[in-house]
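Shown below: protein20.txt, with compact mmCIF, C-alpha atoms.
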# COMPACT_ATOMS: atom_id res chain seq x y z
CA MET A 1 91.39 79.12 114.89
CA TYR A 2 88.83 81.35 113.27
CA ASP A 3 85.21 80.55 112.57
CA PRO A 4 84.72 79.31 108.99
CA PHE A 5 82.66 81.52 106.68
CA ILE A 6 79.36 79.66 106.39
CA PRO A 7 76.78 80.87 103.85
CA GLY A 8 73.82 82.57 105.50
CA LYS A 9 75.65 83.18 108.80
CA PHE A 10 76.53 86.53 110.35
CA PHE A 11 80.13 87.44 111.16
CA HIS A 12 81.88 90.26 112.94
CA ILE A 13 85.11 90.89 110.99
CA TYR A 14 87.85 93.08 112.41
CA SER A 15 91.55 93.83 112.23
CA ARG A 16 94.08 96.42 113.32
CA THR A 17 97.37 97.79 112.09
CA ILE A 18 100.90 96.91 113.16
CA GLY A 19 102.30 98.98 116.02
CA ASN A 20 101.37 102.64 115.86
CA GLU A 21 100.75 102.66 112.12
CA LEU A 22 97.63 104.49 111.00
CA LEU A 23 95.21 102.72 108.69
CA PHE A 24 93.81 106.03 107.48
CA ARG A 25 95.97 109.14 107.21
CA ASN A 26 93.38 111.36 105.56
CA GLU A 27 89.72 111.45 104.63
CA ARG A 28 90.36 110.07 101.14
CA ASN A 29 91.79 106.91 102.72
CA TYR A 30 88.50 106.16 104.48
CA ALA A 31 86.50 106.52 101.25
CA TYR A 32 89.05 104.48 99.29
CA PHE A 33 88.96 101.69 101.90
CA LEU A 34 85.16 101.44 101.64
CA ARG A 35 85.31 101.52 97.83
CA LYS A 36 87.86 98.67 97.84
CA TYR A 37 85.69 96.76 100.31
CA SER A 38 82.70 97.12 98.01
CA ASP A 39 84.70 96.14 94.92
CA PHE A 40 86.10 92.96 96.46
CA CYS A 41 83.47 91.89 98.97
CA SER A 42 79.96 92.94 97.91
CA ASN A 43 79.42 89.78 95.84
CA HIS A 44 80.24 87.58 98.84
CA PHE A 45 78.89 89.50 101.83
CA ALA A 46 75.79 91.51 102.69
CA THR A 47 76.97 94.35 104.92
CA PHE A 48 74.93 95.34 107.96
CA CYS A 49 77.18 97.89 109.65
CA TYR A 50 80.77 99.05 109.89
CA CYS A 51 83.10 101.39 111.71
CA LEU A 52 86.50 102.60 110.53
CA LEU A 53 88.90 103.94 113.16
CA PRO A 54 92.38 105.40 112.72
CA ASN A 55 94.12 102.07 113.37
CA HIS A 56 91.43 99.38 112.98
CA PHE A 57 88.06 98.49 111.47
CA HIS A 58 84.91 96.49 112.18
CA PHE A 59 82.32 95.05 109.79
CA LEU A 60 79.17 93.07 110.50
CA VAL A 61 78.39 90.92 107.48
CA GLN A 62 76.33 87.96 106.38
CA VAL A 63 77.91 85.51 103.97
CA ARG A 64 75.78 85.37 100.83
CA ASP A 65 74.02 82.06 100.20
CA LEU A 66 75.81 81.31 96.93
CA THR A 67 79.29 82.04 98.34
CA ASN A 68 81.54 79.26 99.54
CA GLU A 69 84.06 79.62 102.36
CA ALA A 70 87.11 79.75 100.10
CA ALA A 71 85.62 82.48 97.90
CA ALA A 72 84.59 84.58 100.91
CA LEU A 73 88.00 84.21 102.55
CA SER A 74 89.79 85.04 99.32
CA ALA A 75 87.62 88.10 98.67
CA PHE A 76 88.29 89.61 102.08
CA SER A 77 92.01 88.80 101.96
CA ASN A 78 92.31 90.28 98.47
CA PHE A 79 90.51 93.41 99.65
CA LEU A 80 92.97 93.94 102.52
CA ASN A 81 95.98 93.13 100.33
CA SER A 82 94.83 95.56 97.66
CA TYR A 83 94.31 98.36 100.19
CA SER A 84 97.68 97.63 101.82
CA LYS A 85 99.52 97.78 98.49
CA SER A 86 97.85 101.08 97.57
CA TYR A 87 98.55 102.49 101.03
CA ASN A 88 102.19 101.45 100.89
CA LYS A 89 102.63 103.01 97.47
CA ALA A 90 100.87 106.26 98.44
CA PHE A 91 102.88 106.69 101.64
CA GLU A 92 106.17 105.20 100.40
CA ARG A 93 106.27 102.45 102.97
CA HIS A 94 107.00 98.73 102.79
CA GLY A 95 105.83 95.63 104.61
CA GLY A 96 102.64 94.52 106.25
CA LEU A 97 100.01 96.98 107.34
CA PHE A 98 97.92 94.67 109.53
CA GLN A 99 98.98 92.83 112.71
CA ARG A 100 97.93 89.42 111.47
CA LYS A 101 95.25 87.82 109.38
CA PHE A 102 91.92 89.49 109.90
CA LYS A 103 89.75 88.08 112.67
CA ARG A 104 86.18 86.95 112.41
CA LYS A 105 83.65 85.76 114.92
CA GLN A 106 80.38 84.10 114.02
CA ILE A 107 77.31 85.71 115.56
CA ASP A 108 75.44 82.84 117.17
CA THR A 109 72.55 84.46 119.07
CA ASP A 110 70.02 87.22 118.45
CA SER A 111 71.10 89.14 121.54
CA TYR A 112 74.74 88.97 120.47
CA LEU A 113 73.79 90.31 117.03
CA THR A 114 72.12 93.32 118.65
CA GLU A 115 75.09 93.98 120.93
CA VAL A 116 77.65 93.67 118.11
CA ILE A 117 75.81 96.28 116.05
CA LYS A 118 75.85 98.65 119.03
CA TYR A 119 79.47 97.79 119.85
CA ILE A 120 80.61 98.54 116.30
CA HIS A 121 78.80 101.87 116.15
CA ARG A 122 79.89 102.96 119.64
CA ASN A 123 83.54 102.02 119.06
CA PRO A 124 84.94 105.53 118.41
CA GLN A 125 83.51 106.76 121.71
CA ARG A 126 84.67 103.63 123.52
CA HIS A 127 88.25 104.36 122.39
CA GLY A 128 88.03 108.04 123.34
CA ILE A 129 88.41 109.24 119.75
CA ILE A 130 85.20 111.26 119.93
CA GLN A 131 82.83 112.15 122.76
CA ASP A 132 79.66 111.21 120.87
CA PHE A 133 79.77 108.15 118.60
CA LYS A 134 76.81 109.51 116.62
CA LYS A 135 79.09 112.23 115.22
CA TRP A 136 81.82 109.89 113.90
CA ASN A 137 81.91 110.27 110.12
CA TYR A 138 83.44 106.87 109.39
CA SER A 139 80.75 104.67 110.87
CA SER A 140 77.55 103.38 109.34
CA TYR A 141 75.50 104.78 112.25
CA GLY A 142 74.71 108.04 110.46
CA LYS A 143 73.76 106.16 107.31
CA PHE A 144 70.90 104.54 109.23
CA ILE A 145 69.64 107.86 110.51
CA LEU A 146 69.73 109.44 107.05
CA LYS A 147 68.87 106.21 105.19
CA ASN A 148 71.26 107.21 102.41
CA GLU A 149 73.51 104.21 101.81
CA ASN A 150 72.62 101.58 99.24
CA GLN A 151 75.49 99.22 100.14
CA LEU A 152 74.10 98.55 103.64
CA GLU A 153 71.19 96.39 104.72
CA ILE A 154 69.56 99.43 106.34
CA ASP A 155 65.94 98.27 106.23
CA TRP A 156 66.86 94.89 107.70
CA VAL A 157 68.78 96.45 110.60
CA LEU A 158 66.08 99.02 111.35
CA ASP A 159 63.45 96.25 111.29
CA TRP A 160 65.67 94.19 113.62
CA PHE A 161 65.58 97.00 116.19
CA GLY A 162 61.88 97.71 115.62
CA GLY A 163 62.30 100.93 113.66
CA ILE A 164 64.47 104.02 113.68
CA ASP A 165 63.34 105.22 117.13
CA GLN A 166 64.23 101.90 118.78
CA PHE A 167 67.49 101.77 116.82
CA GLU A 168 68.50 105.13 118.29
CA LYS A 169 67.28 104.31 121.83
CA ASN A 170 69.08 100.94 121.84
CA HIS A 171 72.35 102.58 120.85
CA LEU A 172 72.13 104.89 123.86
CA LYS A 173 71.79 101.94 126.26
CA GLU A 174 74.93 100.51 127.79
CA GLU A 175 76.21 97.29 126.27
CA ASP A 176 74.94 94.04 127.72
CA ASN A 177 77.48 92.76 130.26
CA GLN A 178 76.97 89.13 129.27
CA PHE A 179 79.17 89.69 126.21
CA ASP A 180 82.89 90.20 126.67
CA PHE A 181 84.21 92.41 123.89
CA ARG A 182 87.69 92.74 125.43
CA GLU A 183 89.05 90.05 123.10
CA LEU A 184 88.33 92.45 120.23
CA GLU A 185 90.55 95.15 121.68
CA GLY A 186 93.88 93.40 121.14
Reformat the file's structure so that it appears as structure tokens.
Amino acid sequence: MYDPFIPGKFFHIYSRTIGNELLFRNERNYAYFLRKYSDFCSNHFATFCYCLLPNHFHFLVQVRDLTNEAAALSAFSNFLNSYSKSYNKAFERHGGLFQRKFKRKQIDTDSYLTEVIKYIHRNPQRHGIIQDFKKWNYSSYGKFILKNENQLEIDWVLDWFGGIDQFEKNHLKEEDNQFDFRELEG
């Protein structure tokens, strides 16, 4: 059972592909995925951070106050279905792209919110895709440093950490052991 989308609440949303299938085969796929996300989801979710990896993705969102659960669920499902159909057409493949329905976990404490932001940004390094997560092009981390993305709640996140310096310092700290992120790996 997944946490229901409740207006005003924060959620970590994530999913991965079936088997060894790649979610992104080239740079254009990453940009297209984010454009589709914006088209389908921006009216229902405020986006705080994200990370796109070759076979999975993570978003931290807050359900907008005027969005109901059904609309939020439909928007995210339609986004993934639209991307999957385009992907299948572009790469002449058939069938599902994702393992199962996307997963979501409500963020229920301030400390968990902080750790999820760090976890999402550090994910490429955690999976051994890159040695320094700060250099991963398909994460929102760099957008915070450059402050150049209008689709993200950059000011809110930087205020949450106490400014850009604390944002950067916090990301260099190891994750808090009280939170078990292993369930997100499968």
Selection near range 17-24 of chain A, 7 Å with all atoms listed in the file, sequence-local residues under 2 positions removed, as a ChimeraX atom specification
/A:26,29-30,54-56,97-99
Listing only residues of range 29-51 of chain A within 7 Å of range 58-81 of chain A, what is the closest atom pair and its distance in Å (to one decimal) for each, using all atoms listed in the file, sorted by chain and residue number ascending, as a Markdown table?
| residue | atom | partner | partner_atom | distance |
| --- | --- | --- | --- | --- |
| A:Lys36 | CA | A:Phe79 | CA | 6.2 |
| A:Tyr37 | CA | A:Phe79 | CA | 5.9 |
| A:Phe40 | CA | A:Phe79 | CA | 5.5 |
| A:Cys41 | CA | A:Ala75 | CA | 5.6 |
| A:His44 | CA | A:Arg64 | CA | 5.4 |
| A:Phe45 | CA | A:Val63 | CA | 4.6 |
| A:Ala46 | CA | A:Gln62 | CA | 5.1 |
| A:Thr47 | CA | A:Val61 | CA | 4.5 |
| A:Phe48 | CA | A:Leu60 | CA | 5.4 |
| A:Cys49 | CA | A:Leu60 | CA | 5.3 |
| A:Tyr50 | CA | A:Phe59 | CA | 4.3 |
| A:Cys51 | CA | A:His58 | CA | 5.2 |
Quick one: residues within 12 Å of (77.6, 108.2, 123.0) (file frame), counting all atoms listed in the file, please, as JSON, numbers by chain.
{"A": [118, 119, 121, 122, 123, 124, 125, 126, 127, 128, 129, 130, 131, 132, 133, 134, 135, 136, 141, 168, 169, 170, 171, 172, 173, 174, 175]}
Using the selection just defined, write its residues with C-alpha atoms as a tab-separated table (two decimals), in the frame of the given file.
chain	number	residue	atom	x	y	z
A	118	LYS	CA	75.85	98.65	119.03
A	119	TYR	CA	79.47	97.79	119.85
A	121	HIS	CA	78.80	101.87	116.15
A	122	ARG	CA	79.89	102.96	119.64
A	123	ASN	CA	83.54	102.02	119.06
A	124	PRO	CA	84.94	105.53	118.41
A	125	GLN	CA	83.51	106.76	121.71
A	126	ARG	CA	84.67	103.63	123.52
A	127	HIS	CA	88.25	104.36	122.39
A	128	GLY	CA	88.03	108.04	123.34
A	129	ILE	CA	88.41	109.24	119.75
A	130	ILE	CA	85.20	111.26	119.93
A	131	GLN	CA	82.83	112.15	122.76
A	132	ASP	CA	79.66	111.21	120.87
A	133	PHE	CA	79.77	108.15	118.60
A	134	LYS	CA	76.81	109.51	116.62
A	135	LYS	CA	79.09	112.23	115.22
A	136	TRP	CA	81.82	109.89	113.90
A	141	TYR	CA	75.50	104.78	112.25
A	168	GLU	CA	68.50	105.13	118.29
A	169	LYS	CA	67.28	104.31	121.83
A	170	ASN	CA	69.08	100.94	121.84
A	171	HIS	CA	72.35	102.58	120.85
A	172	LEU	CA	72.13	104.89	123.86
A	173	LYS	CA	71.79	101.94	126.26
A	174	GLU	CA	74.93	100.51	127.79
A	175	GLU	CA	76.21	97.29	126.27
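The interatomic distance for the pair CA of Leu53 in chain A and CA of Tyr32 in chain A works out to 13.9 Å.
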Using CA of Thr109 in chain A and CA of Lys9 in chain A as the two end points, give the distance in Å to one decimal.
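Going from CA of Thr109 in chain A over to CA of Lys9 in chain A, I get 10.8 Å.
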Taking (71.6, 106.5, 107.1) as a centre in this file's frame and 12 Å as the limit, can you find every polymer residue with an atom that close, using only C-alpha atoms, and give them as a PDB file with C-alpha atoms, keeping the file's coordinate frame?
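Writing done, so here's part_26.pdb:
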ATOM      1  CA  PHE A  48      74.930  95.340 107.960  1.00  0.00           C
ATOM      2  CA  CYS A  49      77.180  97.890 109.650  1.00  0.00           C
ATOM      3  CA  LYS A 134      76.810 109.510 116.620  1.00  0.00           C
ATOM      4  CA  ASN A 137      81.910 110.270 110.120  1.00  0.00           C
ATOM      5  CA  SER A 139      80.750 104.670 110.870  1.00  0.00           C
ATOM      6  CA  SER A 140      77.550 103.380 109.340  1.00  0.00           C
ATOM      7  CA  TYR A 141      75.500 104.780 112.250  1.00  0.00           C
ATOM      8  CA  GLY A 142      74.710 108.040 110.460  1.00  0.00           C
ATOM      9  CA  LYS A 143      73.760 106.160 107.310  1.00  0.00           C
ATOM     10  CA  PHE A 144      70.900 104.540 109.230  1.00  0.00           C
ATOM     11  CA  ILE A 145      69.640 107.860 110.510  1.00  0.00           C
ATOM     12  CA  LEU A 146      69.730 109.440 107.050  1.00  0.00           C
ATOM     13  CA  LYS A 147      68.870 106.210 105.190  1.00  0.00           C
ATOM     14  CA  ASN A 148      71.260 107.210 102.410  1.00  0.00           C
ATOM     15  CA  GLU A 149      73.510 104.210 101.810  1.00  0.00           C
ATOM     16  CA  ASN A 150      72.620 101.580  99.240  1.00  0.00           C
ATOM     17  CA  GLN A 151      75.490  99.220 100.140  1.00  0.00           C
ATOM     18  CA  LEU A 152      74.100  98.550 103.640  1.00  0.00           C
ATOM     19  CA  GLU A 153      71.190  96.390 104.720  1.00  0.00           C
ATOM     20  CA  ILE A 154      69.560  99.430 106.340  1.00  0.00           C
ATOM     21  CA  ASP A 155      65.940  98.270 106.230  1.00  0.00           C
ATOM     22  CA  VAL A 157      68.780  96.450 110.600  1.00  0.00           C
ATOM     23  CA  LEU A 158      66.080  99.020 111.350  1.00  0.00           C
ATOM     24  CA  ILE A 164      64.470 104.020 113.680  1.00  0.00           C
ATOM     25  CA  PHE A 167      67.490 101.770 116.820  1.00  0.00           C
ATOM     26  CA  GLU A 168      68.500 105.130 118.290  1.00  0.00           C
TER      27      GLU A 168
END
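Compared by their closest atoms to Ile13 in chain A, and using only C-alpha atoms, the residues A:Asp108, A:Ser82, A:Phe57, A:Gly96 rank with A:Phe57 nearest.
The space between CA of Ile117 in chain A and CA of Arg100 in chain A spans 23.6 Å.
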Measuring atom to atom with all atoms listed in the file, identify which of A:Ile120, A:Leu113, A:Leu34, A:Trp156 is nearest to Phe10 in chain A.
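Checking each candidate against Phe10 in chain A, we get A:Leu113 as the closest.
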Assuming 6 Å of padding per side, give the centre and edge lengths of the axis-aligned box around every listed atom of range 103-120 of chain A, in Å to one decimal and as JSON.
{"center_x": 79.9, "center_y": 90.7, "center_z": 117.0, "size_x": 31.7, "size_y": 27.8, "size_z": 21.1}
Top pick for closest residue to Ser38 in chain A, considering A:Tyr112, A:Phe91, A:Tyr83, A:Gly162 and counting only C-alpha atoms:
A:Tyr83
